[in-house]
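**Q** What follows is upload.pdb, made up of PDB, C-alpha atoms:
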ATOM      1  CA  ILE S  18      56.599 116.358 102.070  1.00  0.00           C
ATOM      2  CA  ASP S  19      54.641 113.714 103.922  1.00  0.00           C
ATOM      3  CA  ALA S  20      56.718 110.791 105.172  1.00  0.00           C
ATOM      4  CA  PHE S  21      53.589 108.654 105.620  1.00  0.00           C
ATOM      5  CA  SER S  22      52.112 109.461 102.193  1.00  0.00           C
ATOM      6  CA  PRO S  23      55.061 109.941  99.829  1.00  0.00           C
ATOM      7  CA  VAL S  24      54.596 111.178  96.288  1.00  0.00           C
ATOM      8  CA  HIS S  25      56.656 109.246  93.779  1.00  0.00           C
ATOM      9  CA  GLY S  26      57.792 110.489  90.397  1.00  0.00           C
ATOM     10  CA  ALA S  27      58.268 114.145  91.366  1.00  0.00           C
ATOM     11  CA  PRO S  28      60.689 115.964  89.046  1.00  0.00           C
ATOM     12  CA  VAL S  29      64.122 116.649  90.481  1.00  0.00           C
ATOM     13  CA  ALA S  30      66.367 119.362  89.084  1.00  0.00           C
ATOM     14  CA  LEU S  31      69.863 118.008  88.612  1.00  0.00           C
ATOM     15  CA  PRO S  32      72.810 120.362  89.132  1.00  0.00           C
ATOM     16  CA  LEU S  33      74.739 121.334  86.041  1.00  0.00           C
ATOM     17  CA  THR S  34      78.260 119.957  86.174  1.00  0.00           C
ATOM     18  CA  HIS S  35      80.984 120.045  83.582  1.00  0.00           C
ATOM     19  CA  PRO S  36      83.953 117.680  83.397  1.00  0.00           C
ATOM     20  CA  LYS S  37      87.388 119.113  84.005  1.00  0.00           C
ATOM     21  CA  THR S  38      90.557 117.538  82.672  1.00  0.00           C
ATOM     22  CA  GLN S  39      94.105 118.433  83.648  1.00  0.00           C
ATOM     23  CA  ARG S  40      97.221 117.010  82.005  1.00  0.00           C
ATOM     24  CA  LEU S  41     100.855 117.638  82.844  1.00  0.00           C
ATOM     25  CA  HIS S  42     103.941 116.354  81.030  1.00  0.00           C
ATOM     26  CA  ILE S  43     107.438 117.174  82.283  1.00  0.00           C
ATOM     27  CA  ASN S  44     110.821 116.511  80.690  1.00  0.00           C
ATOM     28  CA  GLY S  45     113.870 117.004  82.875  1.00  0.00           C
ATOM     29  CA  TYR S  46     117.627 116.969  82.332  1.00  0.00           C
ATOM     30  CA  TYR S  47     119.912 116.519  85.322  1.00  0.00           C
ATOM     31  CA  LEU S  48     123.645 116.998  85.753  1.00  0.00           C
ATOM     32  CA  GLN S  49     125.416 116.316  89.049  1.00  0.00           C
ATOM     33  CA  ASP S  50     129.006 116.111  90.200  1.00  0.00           C
ATOM     34  CA  GLN S  51     130.486 115.271  93.612  1.00  0.00           C
ATOM     35  CA  ILE S  52     134.021 116.490  94.217  1.00  0.00           C
ATOM     36  CA  ARG S  53     136.392 115.631  97.058  1.00  0.00           C
ATOM     37  CA  ALA S  54     139.744 117.297  97.636  1.00  0.00           C
ATOM     38  CA  GLY S  55     141.412 116.446 100.920  1.00  0.00           C
ATOM     39  CA  ARG S  56     138.954 117.280 103.681  1.00  0.00           C
ATOM     40  CA  TRP S  57     136.719 119.340 101.395  1.00  0.00           C
ATOM     41  CA  SER S  58     133.606 117.940  99.711  1.00  0.00           C
ATOM     42  CA  ALA S  59     131.455 119.738  97.134  1.00  0.00           C
ATOM     43  CA  ASP S  60     128.140 118.728  95.608  1.00  0.00           C
ATOM     44  CA  LEU S  61     127.152 120.516  92.395  1.00  0.00           C
ATOM     45  CA  ALA S  62     123.871 119.850  90.587  1.00  0.00           C
ATOM     46  CA  LEU S  63     122.064 121.509  87.705  1.00  0.00           C
ATOM     47  CA  ARG S  64     118.600 120.604  86.413  1.00  0.00           C
ATOM     48  CA  HIS S  65     116.471 121.929  83.552  1.00  0.00           C
ATOM     49  CA  ASP S  66     112.744 121.112  83.448  1.00  0.00           C
ATOM     50  CA  ARG S  67     110.230 121.766  80.706  1.00  0.00           C
ATOM     51  CA  GLY S  68     106.602 121.325  81.676  1.00  0.00           C
ATOM     52  CA  MET S  69     103.657 121.236  79.256  1.00  0.00           C
ATOM     53  CA  SER S  70     100.158 121.425  80.733  1.00  0.00           C
ATOM     54  CA  ARG S  71      96.614 121.381  79.360  1.00  0.00           C
ATOM     55  CA  TYR S  72      93.497 122.382  81.273  1.00  0.00           C
ATOM     56  CA  ASP S  73      90.012 121.665  79.861  1.00  0.00           C
ATOM     57  CA  ASP S  74      86.958 123.146  81.580  1.00  0.00           C
ATOM     58  CA  TYR S  75      83.592 123.094  79.761  1.00  0.00           C
ATOM     59  CA  ASN S  76      84.243 125.098  76.585  1.00  0.00           C
ATOM     60  CA  THR S  77      87.640 126.491  77.622  1.00  0.00           C
ATOM     61  CA  THR S  78      91.006 124.912  76.841  1.00  0.00           C
ATOM     62  CA  GLN S  79      94.220 126.356  78.230  1.00  0.00           C
ATOM     63  CA  ARG S  80      97.660 125.197  77.134  1.00  0.00           C
ATOM     64  CA  SER S  81     100.860 126.308  78.771  1.00  0.00           C
ATOM     65  CA  THR S  82     104.553 125.521  78.394  1.00  0.00           C
ATOM     66  CA  ARG S  83     106.967 126.468  81.165  1.00  0.00           C
ATOM     67  CA  SER S  84     110.668 125.812  81.540  1.00  0.00           C
ATOM     68  CA  HIS S  85     113.016 126.539  84.399  1.00  0.00           C
ATOM     69  CA  THR S  86     116.578 125.785  85.448  1.00  0.00           C
ATOM     70  CA  THR S  87     117.356 124.999  89.086  1.00  0.00           C
ATOM     71  CA  TYR S  88     120.562 124.227  90.939  1.00  0.00           C
ATOM     72  CA  ASN S  89     121.960 122.786  94.152  1.00  0.00           C
ATOM     73  CA  LEU S  90     125.326 123.830  95.599  1.00  0.00           C
ATOM     74  CA  GLY S  91     126.802 122.277  98.727  1.00  0.00           C
ATOM     75  CA  LEU S  92     130.183 122.593 100.434  1.00  0.00           C
ATOM     76  CA  LEU S  93     131.418 120.659 103.498  1.00  0.00           C
ATOM     77  CA  TYR S  94     134.703 120.518 105.410  1.00  0.00           C
ATOM     78  CA  ARG S  95     135.552 117.371 107.420  1.00  0.00           C
ATOM     79  CA  ALA S  96     137.796 118.232 110.367  1.00  0.00           C
ATOM     80  CA  ALA S  97     139.965 115.609 112.032  1.00  0.00           C
ATOM     81  CA  ASN S  98     138.112 115.861 115.361  1.00  0.00           C
ATOM     82  CA  GLY S  99     134.739 114.865 113.895  1.00  0.00           C
ATOM     83  CA  TRP S 100     133.302 118.357 113.314  1.00  0.00           C
ATOM     84  CA  SER S 101     132.044 119.199 109.815  1.00  0.00           C
ATOM     85  CA  PRO S 102     130.718 122.681 109.000  1.00  0.00           C
ATOM     86  CA  TYR S 103     128.734 122.959 105.791  1.00  0.00           C
ATOM     87  CA  VAL S 104     126.698 125.353 103.642  1.00  0.00           C
ATOM     88  CA  ASN S 105     124.063 124.579 101.025  1.00  0.00           C
ATOM     89  CA  GLN S 106     121.954 126.619  98.607  1.00  0.00           C
ATOM     90  CA  SER S 107     119.331 125.269  96.213  1.00  0.00           C
ATOM     91  CA  THR S 108     116.395 126.365  94.077  1.00  0.00           C
ATOM     92  CA  SER S 109     113.215 124.528  93.056  1.00  0.00           C
ATOM     93  CA  PHE S 110     110.560 124.647  90.352  1.00  0.00           C
ATOM     94  CA  VAL S 111     107.069 123.080  90.337  1.00  0.00           C
ATOM     95  CA  PRO S 112     104.620 123.437  87.407  1.00  0.00           C
ATOM     96  CA  VAL S 113     101.062 124.162  88.554  1.00  0.00           C
ATOM     97  CA  LEU S 114      97.940 122.816  86.883  1.00  0.00           C
ATOM     98  CA  GLY S 115      94.744 124.803  86.465  1.00  0.00           C
ATOM     99  CA  ALA S 116      93.725 128.354  85.697  1.00  0.00           C
ATOM    100  CA  ASN S 117      93.100 131.488  87.728  1.00  0.00           C
ATOM    101  CA  PHE S 118      89.827 133.412  88.012  1.00  0.00           C
ATOM    102  CA  ASN S 119      90.508 135.099  84.676  1.00  0.00           C
ATOM    103  CA  ALA S 120      90.821 131.697  82.915  1.00  0.00           C
ATOM    104  CA  ALA S 121      94.547 132.265  82.398  1.00  0.00           C
ATOM    105  CA  PRO S 122      96.836 129.262  83.035  1.00  0.00           C
ATOM    106  CA  LEU S 123      98.696 129.298  86.320  1.00  0.00           C
ATOM    107  CA  ARG S 124     102.422 129.834  86.178  1.00  0.00           C
ATOM    108  CA  THR S 125     105.011 127.947  88.211  1.00  0.00           C
ATOM    109  CA  ASP S 126     105.830 127.802  91.901  1.00  0.00           C
ATOM    110  CA  THR S 127     109.490 128.517  92.612  1.00  0.00           C
ATOM    111  CA  GLY S 128     111.533 128.243  95.782  1.00  0.00           C
ATOM    112  CA  ARG S 129     114.967 129.019  97.193  1.00  0.00           C
ATOM    113  CA  GLN S 130     116.729 127.507 100.199  1.00  0.00           C
ATOM    114  CA  LEU S 131     119.847 128.606 102.043  1.00  0.00           C
ATOM    115  CA  GLU S 132     121.202 126.452 104.883  1.00  0.00           C
ATOM    116  CA  ILE S 133     124.298 126.583 107.075  1.00  0.00           C
ATOM    117  CA  GLY S 134     125.072 123.999 109.705  1.00  0.00           C
ATOM    118  CA  LEU S 135     127.495 121.957 111.732  1.00  0.00           C
ATOM    119  CA  LYS S 136     127.726 118.175 111.934  1.00  0.00           C
ATOM    120  CA  TYR S 137     129.525 116.200 114.615  1.00  0.00           C
ATOM    121  CA  GLN S 138     130.402 112.501 114.530  1.00  0.00           C
ATOM    122  CA  PRO S 139     132.278 111.298 117.616  1.00  0.00           C
ATOM    123  CA  PRO S 140     135.399 109.457 116.448  1.00  0.00           C
ATOM    124  CA  GLY S 141     134.937 105.691 116.399  1.00  0.00           C
ATOM    125  CA  THR S 142     131.121 105.806 116.614  1.00  0.00           C
ATOM    126  CA  ASP S 143     128.150 105.636 114.223  1.00  0.00           C
ATOM    127  CA  ALA S 144     126.381 108.558 115.894  1.00  0.00           C
ATOM    128  CA  LEU S 145     125.836 111.828 114.029  1.00  0.00           C
ATOM    129  CA  TYR S 146     124.593 115.127 115.500  1.00  0.00           C
ATOM    130  CA  THR S 147     123.582 118.115 113.370  1.00  0.00           C
ATOM    131  CA  VAL S 148     122.554 121.698 114.096  1.00  0.00           C
ATOM    132  CA  SER S 149     121.519 123.945 111.216  1.00  0.00           C
ATOM    133  CA  ALA S 150     119.904 127.290 110.422  1.00  0.00           C
ATOM    134  CA  PHE S 151     117.942 127.780 107.226  1.00  0.00           C
ATOM    135  CA  GLU S 152     115.829 130.182 105.191  1.00  0.00           C
ATOM    136  CA  LEU S 153     113.188 129.070 102.676  1.00  0.00           C
ATOM    137  CA  THR S 154     111.363 131.367 100.256  1.00  0.00           C
ATOM    138  CA  ARG S 155     108.444 130.200  98.113  1.00  0.00           C
ATOM    139  CA  ARG S 156     106.826 132.209  95.335  1.00  0.00           C
ATOM    140  CA  SER S 157     103.355 130.941  94.491  1.00  0.00           C
ATOM    141  CA  SER S 158     101.751 131.155  91.047  1.00  0.00           C
ATOM    142  CA  PHE S 159      98.276 131.752  92.448  1.00  0.00           C
ATOM    143  CA  GLY S 160      97.908 135.484  91.951  1.00  0.00           C
ATOM    144  CA  GLY S 161      96.040 137.977  89.808  1.00  0.00           C
ATOM    145  CA  SER S 162      92.640 139.604  90.298  1.00  0.00           C
ATOM    146  CA  GLN S 163      91.664 137.448  93.243  1.00  0.00           C
ATOM    147  CA  ARG S 164      90.800 140.322  95.572  1.00  0.00           C
ATOM    148  CA  HIS S 165      87.463 140.718  93.708  1.00  0.00           C
ATOM    149  CA  TYR S 166      86.260 137.313  94.921  1.00  0.00           C
ATOM    150  CA  ALA S 167      85.452 137.981  98.559  1.00  0.00           C
ATOM    151  CA  ASP S 168      83.987 134.529  99.206  1.00  0.00           C
ATOM    152  CA  LEU S 169      87.184 132.673  98.312  1.00  0.00           C
ATOM    153  CA  GLU S 170      90.360 132.419 100.344  1.00  0.00           C
ATOM    154  CA  ILE S 171      93.395 134.047  98.771  1.00  0.00           C
ATOM    155  CA  ALA S 172      96.696 132.179  98.837  1.00  0.00           C
ATOM    156  CA  PRO S 173      99.826 134.186  99.733  1.00  0.00           C
ATOM    157  CA  SER S 174     102.120 135.016  96.813  1.00  0.00           C
ATOM    158  CA  VAL S 175     105.459 134.969  98.667  1.00  0.00           C
ATOM    159  CA  VAL S 176     106.154 133.133 101.940  1.00  0.00           C
ATOM    160  CA  ARG S 177     109.487 133.125 103.779  1.00  0.00           C
ATOM    161  CA  ALA S 178     110.392 130.656 106.523  1.00  0.00           C
ATOM    162  CA  ARG S 179     113.420 130.891 108.794  1.00  0.00           C
ATOM    163  CA  GLY S 180     114.298 128.308 111.385  1.00  0.00           C
ATOM    164  CA  VAL S 181     116.726 126.184 113.349  1.00  0.00           C
ATOM    165  CA  GLU S 182     116.852 122.390 113.281  1.00  0.00           C
ATOM    166  CA  LEU S 183     118.510 119.921 115.658  1.00  0.00           C
ATOM    167  CA  GLU S 184     118.970 116.301 114.645  1.00  0.00           C
ATOM    168  CA  ALA S 185     120.573 113.273 116.311  1.00  0.00           C
ATOM    169  CA  ARG S 186     121.203 109.813 114.845  1.00  0.00           C
ATOM    170  CA  PHE S 187     122.609 107.246 117.247  1.00  0.00           C
ATOM    171  CA  PRO S 188     122.546 103.469 117.835  1.00  0.00           C
ATOM    172  CA  LEU S 189     120.581 101.927 120.710  1.00  0.00           C
ATOM    173  CA  GLY S 190     122.146  98.509 120.402  1.00  0.00           C
ATOM    174  CA  ALA S 191     123.386  96.133 117.752  1.00  0.00           C
ATOM    175  CA  ARG S 192     120.115  96.149 115.772  1.00  0.00           C
ATOM    176  CA  LEU S 193     118.326  99.336 116.775  1.00  0.00           C
ATOM    177  CA  ARG S 194     118.946 102.935 115.755  1.00  0.00           C
ATOM    178  CA  ALA S 195     117.203 106.166 116.732  1.00  0.00           C
ATOM    179  CA  LEU S 196     116.586 109.381 114.828  1.00  0.00           C
ATOM    180  CA  ALA S 197     115.392 112.372 116.850  1.00  0.00           C
ATOM    181  CA  SER S 198     114.831 115.895 115.530  1.00  0.00           C
ATOM    182  CA  TYR S 199     113.427 119.240 116.620  1.00  0.00           C
ATOM    183  CA  THR S 200     112.620 122.277 114.444  1.00  0.00           C
ATOM    184  CA  TRP S 201     111.816 125.856 115.380  1.00  0.00           C
ATOM    185  CA  LEU S 202     110.177 127.685 112.465  1.00  0.00           C
ATOM    186  CA  ASP S 203     109.272 131.324 111.908  1.00  0.00           C
ATOM    187  CA  ALA S 204     107.179 131.626 108.713  1.00  0.00           C
ATOM    188  CA  ARG S 205     105.841 134.943 107.437  1.00  0.00           C
ATOM    189  CA  VAL S 206     103.829 136.125 104.444  1.00  0.00           C
ATOM    190  CA  LEU S 207     105.864 138.713 102.513  1.00  0.00           C
ATOM    191  CA  GLU S 208     103.496 139.373  99.600  1.00  0.00           C
ATOM    192  CA  SER S 209      99.814 138.669  99.033  1.00  0.00           C
ATOM    193  CA  GLU S 210      96.819 139.985  97.102  1.00  0.00           C
ATOM    194  CA  ASP S 211      95.191 140.233 100.539  1.00  0.00           C
ATOM    195  CA  ASP S 212      97.070 142.981 102.395  1.00  0.00           C
ATOM    196  CA  THR S 213      95.818 141.705 105.755  1.00  0.00           C
ATOM    197  CA  GLN S 214      97.959 138.551 105.352  1.00  0.00           C
ATOM    198  CA  VAL S 215     101.278 140.377 104.961  1.00  0.00           C
ATOM    199  CA  GLY S 216     103.503 139.936 108.005  1.00  0.00           C
ATOM    200  CA  LYS S 217     101.408 137.125 109.473  1.00  0.00           C
ATOM    201  CA  ARG S 218     102.085 133.421 109.773  1.00  0.00           C
ATOM    202  CA  PRO S 219     100.623 131.278 106.976  1.00  0.00           C
ATOM    203  CA  ARG S 220      98.246 128.487 107.857  1.00  0.00           C
ATOM    204  CA  GLN S 221      99.525 125.041 108.784  1.00  0.00           C
ATOM    205  CA  SER S 222     102.982 126.283 109.754  1.00  0.00           C
ATOM    206  CA  ALA S 223     103.818 125.018 113.216  1.00  0.00           C
ATOM    207  CA  ARG S 224     106.341 127.059 115.180  1.00  0.00           C
ATOM    208  CA  HIS S 225     107.635 123.955 116.998  1.00  0.00           C
ATOM    209  CA  SER S 226     107.824 120.403 115.686  1.00  0.00           C
ATOM    210  CA  ALA S 227     109.636 117.273 116.839  1.00  0.00           C
ATOM    211  CA  SER S 228     109.910 113.645 115.780  1.00  0.00           C
ATOM    212  CA  LEU S 229     111.406 110.372 116.991  1.00  0.00           C
ATOM    213  CA  TRP S 230     112.023 107.331 114.784  1.00  0.00           C
ATOM    214  CA  LEU S 231     113.327 103.881 115.614  1.00  0.00           C
ATOM    215  CA  ASP S 232     114.539 101.339 113.072  1.00  0.00           C
TER     216      ASP S 232
END
Would you write out, as structure tokens, the structure that this file holds?

**A**
Amino acid sequence: IDAFSPVHGAPVALPLTHPKTQRLHINGYYLQDQIRAGRWSADLALRHDRGMSRYDDYNTTQRSTRSHTTYNLGLLYRAANGWSPYVNQSTSFVPVLGANFNAAPLRTDTGRQLEIGLKYQPPGTDALYTVSAFELTRRSSFGGSQRHYADLEIAPSVVRARGVELEARFPLGARLRALASYTWLDARVLESEDDTQVGKRPRQSARHSASLWLD
């Protein structure tokens, strides 16, 4: 190649690319009830989702239909002195588009959360302080014969996160409120196609995080 005497019209080999199309359609049915009896409050929710996906890649078409039922259960007791202990458990379901390395459609990502905590609202004020402990477990759909592809990163199959969260909501005047929070998180990989990941922290999982909002 000569920059001072360029040759025009030289053939250029174009890379072969194929269009990929992903479609996802979800129908969901939701039932929720909030119950109060004296100082007790309960929140009960049930949801059923049905997801239909289609993945087109060159000459391959994958169709998949997944359905899952999730729930949310919460119970809280409001004491007279402003203290309110509570417990909550919920599950989640997320359809995943695409296919794995064997051209099989990906399944769904599921999760489970368990949380116990204590809220405190000083009598006669709008402030609210919360301390809670939680455990989150996520099961990823990205599995299969991925260990044979050494050049690609393998996503963990099961990740568990345990932590403690502190939160404070309080007024700073007639028109200004503050929301401050701090979270300590211990996340670990429980299962993975890559055995070297088991027992380690997954990527992008900060051990300490904090935030401050004003509105």

**Q** Between CA of Arg205 in chain S and CA of Arg129 in chain S, what distance in Å does the model show, to one decimal?

**A**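 Straight-line distance from CA of Arg205 in chain S to CA of Arg129 in chain S works out to 14.9 Å.
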
**Q** What's the separation between CA of Met69 in chain S and CA of Val113 in chain S, in Å to one decimal place?

**A**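 Computed distance, CA of Met69 in chain S to CA of Val113 in chain S, equals 10.1 Å.
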
**Q** Quick one: of S:Val215, S:Ile43, S:Leu229, S:Ala223, who's nearest to Thr82 in chain S, counting all atoms listed in the file?

**A**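 Looking at the shortest contact to Thr82 in chain S, the residue is S:Ile43.
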
**Q** May I ask which of the residues S:Trp230, S:Tyr46, S:Trp57, S:Tyr103 is the closest one to Thr86 in chain S, counting all atoms listed in the file?

**A**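 Residue with the minimum atom-to-atom distance to Thr86 in chain S: S:Tyr46.
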
**Q** For Leu131 in chain S, please output as a list of chain:residue names all residues within 9 Å (counting all atoms listed in the file; exclusion window: fewer than 4 positions along the same chain).

**A** S:Val104, S:Asn105, S:Gln106, S:Ser107, S:Thr108, S:Ala150, S:Phe151, S:Glu152, S:Leu153

**Q** Enumerate, as a PDB file with C-alpha atoms, keeping the file's coordinate frame, the residues matched when the PyMOL selection byres ((chain S and resi 72) around 7) is run on the file above.

**A**
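File part_1.pdb, as written:
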ATOM      1  CA  THR S  38      90.557 117.538  82.672  1.00  0.00           C
ATOM      2  CA  GLN S  39      94.105 118.433  83.648  1.00  0.00           C
ATOM      3  CA  ARG S  40      97.221 117.010  82.005  1.00  0.00           C
ATOM      4  CA  SER S  70     100.158 121.425  80.733  1.00  0.00           C
ATOM      5  CA  ARG S  71      96.614 121.381  79.360  1.00  0.00           C
ATOM      6  CA  ASP S  73      90.012 121.665  79.861  1.00  0.00           C
ATOM      7  CA  ASP S  74      86.958 123.146  81.580  1.00  0.00           C
ATOM      8  CA  THR S  78      91.006 124.912  76.841  1.00  0.00           C
ATOM      9  CA  GLN S  79      94.220 126.356  78.230  1.00  0.00           C
ATOM     10  CA  ARG S  80      97.660 125.197  77.134  1.00  0.00           C
ATOM     11  CA  GLY S 115      94.744 124.803  86.465  1.00  0.00           C
TER      12      GLY S 115
END

**Q** So which one's closest to Val175 in chain S, S:Gly99, S:Gly45, S:Pro28, S:Pro219? Using only C-alpha atoms, please.

**A**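 Closest to Val175 in chain S of all the choices is S:Pro219.
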
**Q** Since the input is missing atoms for range 125-150 of chain S, could you rebuild it with N, CA and C atoms and give the result as a PDB file, keeping the file's coordinate frame?

**A**
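rebuild_0.pdb, freshly written:
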ATOM      1  N   THR S 125     104.306 128.947  87.429  1.00  0.00           N
ATOM      2  CA  THR S 125     105.011 127.947  88.211  1.00  0.00           C
ATOM      3  C   THR S 125     105.255 128.444  89.631  1.00  0.00           C
ATOM      4  N   ASP S 126     105.388 127.504  90.548  1.00  0.00           N
ATOM      5  CA  ASP S 126     105.830 127.802  91.901  1.00  0.00           C
ATOM      6  C   ASP S 126     107.346 127.622  91.959  1.00  0.00           C
ATOM      7  N   THR S 127     108.041 128.599  92.500  1.00  0.00           N
ATOM      8  CA  THR S 127     109.490 128.517  92.612  1.00  0.00           C
ATOM      9  C   THR S 127     109.894 128.692  94.072  1.00  0.00           C
ATOM     10  N   GLY S 128     111.044 128.157  94.413  1.00  0.00           N
ATOM     11  CA  GLY S 128     111.533 128.243  95.782  1.00  0.00           C
ATOM     12  C   GLY S 128     113.040 128.378  95.829  1.00  0.00           C
ATOM     13  N   ARG S 129     113.524 128.879  96.963  1.00  0.00           N
ATOM     14  CA  ARG S 129     114.967 129.019  97.193  1.00  0.00           C
ATOM     15  C   ARG S 129     115.264 128.680  98.636  1.00  0.00           C
ATOM     16  N   GLN S 130     116.338 127.922  98.857  1.00  0.00           N
ATOM     17  CA  GLN S 130     116.729 127.507 100.199  1.00  0.00           C
ATOM     18  C   GLN S 130     118.203 127.826 100.432  1.00  0.00           C
ATOM     19  N   LEU S 131     118.478 128.372 101.601  1.00  0.00           N
ATOM     20  CA  LEU S 131     119.847 128.606 102.043  1.00  0.00           C
ATOM     21  C   LEU S 131     119.994 127.990 103.429  1.00  0.00           C
ATOM     22  N   GLU S 132     121.019 127.166 103.611  1.00  0.00           N
ATOM     23  CA  GLU S 132     121.202 126.452 104.883  1.00  0.00           C
ATOM     24  C   GLU S 132     122.681 126.436 105.260  1.00  0.00           C
ATOM     25  N   ILE S 133     122.962 126.721 106.525  1.00  0.00           N
ATOM     26  CA  ILE S 133     124.298 126.583 107.075  1.00  0.00           C
ATOM     27  C   ILE S 133     124.185 125.728 108.335  1.00  0.00           C
ATOM     28  N   GLY S 134     125.188 124.904 108.563  1.00  0.00           N
ATOM     29  CA  GLY S 134     125.072 123.999 109.705  1.00  0.00           C
ATOM     30  C   GLY S 134     126.406 123.422 110.133  1.00  0.00           C
ATOM     31  N   LEU S 135     126.322 122.599 111.156  1.00  0.00           N
ATOM     32  CA  LEU S 135     127.495 121.957 111.732  1.00  0.00           C
ATOM     33  C   LEU S 135     127.128 120.532 112.112  1.00  0.00           C
ATOM     34  N   LYS S 136     127.916 119.584 111.613  1.00  0.00           N
ATOM     35  CA  LYS S 136     127.726 118.175 111.934  1.00  0.00           C
ATOM     36  C   LYS S 136     128.852 117.711 112.855  1.00  0.00           C
ATOM     37  N   TYR S 137     128.509 116.764 113.725  1.00  0.00           N
ATOM     38  CA  TYR S 137     129.525 116.200 114.615  1.00  0.00           C
ATOM     39  C   TYR S 137     129.327 114.695 114.711  1.00  0.00           C
ATOM     40  N   GLN S 138     130.395 113.960 114.381  1.00  0.00           N
ATOM     41  CA  GLN S 138     130.402 112.501 114.530  1.00  0.00           C
ATOM     42  C   GLN S 138     131.540 112.125 115.464  1.00  0.00           C
ATOM     43  N   PRO S 139     131.212 111.684 116.681  1.00  0.00           N
ATOM     44  CA  PRO S 139     132.278 111.298 117.616  1.00  0.00           C
ATOM     45  C   PRO S 139     133.178 110.236 116.998  1.00  0.00           C
ATOM     46  N   PRO S 140     134.476 110.429 117.061  1.00  0.00           N
ATOM     47  CA  PRO S 140     135.399 109.457 116.448  1.00  0.00           C
ATOM     48  C   PRO S 140     135.149 108.040 116.965  1.00  0.00           C
ATOM     49  N   GLY S 141     135.114 107.097 116.047  1.00  0.00           N
ATOM     50  CA  GLY S 141     134.937 105.691 116.399  1.00  0.00           C
ATOM     51  C   GLY S 141     133.501 105.283 116.660  1.00  0.00           C
ATOM     52  N   THR S 142     132.530 106.126 116.376  1.00  0.00           N
ATOM     53  CA  THR S 142     131.121 105.806 116.614  1.00  0.00           C
ATOM     54  C   THR S 142     130.320 105.997 115.327  1.00  0.00           C
ATOM     55  N   ASP S 143     129.077 105.459 115.346  1.00  0.00           N
ATOM     56  CA  ASP S 143     128.150 105.636 114.223  1.00  0.00           C
ATOM     57  C   ASP S 143     127.160 106.759 114.485  1.00  0.00           C
ATOM     58  N   ALA S 144     127.314 107.473 115.567  1.00  0.00           N
ATOM     59  CA  ALA S 144     126.381 108.558 115.894  1.00  0.00           C
ATOM     60  C   ALA S 144     126.696 109.793 115.057  1.00  0.00           C
ATOM     61  N   LEU S 145     125.669 110.593 114.788  1.00  0.00           N
ATOM     62  CA  LEU S 145     125.836 111.828 114.029  1.00  0.00           C
ATOM     63  C   LEU S 145     124.868 112.872 114.575  1.00  0.00           C
ATOM     64  N   TYR S 146     125.398 114.041 114.931  1.00  0.00           N
ATOM     65  CA  TYR S 146     124.593 115.127 115.500  1.00  0.00           C
ATOM     66  C   TYR S 146     124.724 116.347 114.575  1.00  0.00           C
ATOM     67  N   THR S 147     123.607 117.003 114.314  1.00  0.00           N
ATOM     68  CA  THR S 147     123.582 118.115 113.370  1.00  0.00           C
ATOM     69  C   THR S 147     122.773 119.272 113.936  1.00  0.00           C
ATOM     70  N   VAL S 148     123.294 120.475 113.791  1.00  0.00           N
ATOM     71  CA  VAL S 148     122.554 121.698 114.096  1.00  0.00           C
ATOM     72  C   VAL S 148     122.648 122.590 112.857  1.00  0.00           C
ATOM     73  N   SER S 149     121.524 123.158 112.442  1.00  0.00           N
ATOM     74  CA  SER S 149     121.519 123.945 111.216  1.00  0.00           C
ATOM     75  C   SER S 149     120.539 125.098 111.331  1.00  0.00           C
ATOM     76  N   ALA S 150     120.805 126.142 110.563  1.00  0.00           N
ATOM     77  CA  ALA S 150     119.904 127.290 110.422  1.00  0.00           C
ATOM     78  C   ALA S 150     119.588 127.434 108.940  1.00  0.00           C
TER      79      ALA S 150
END
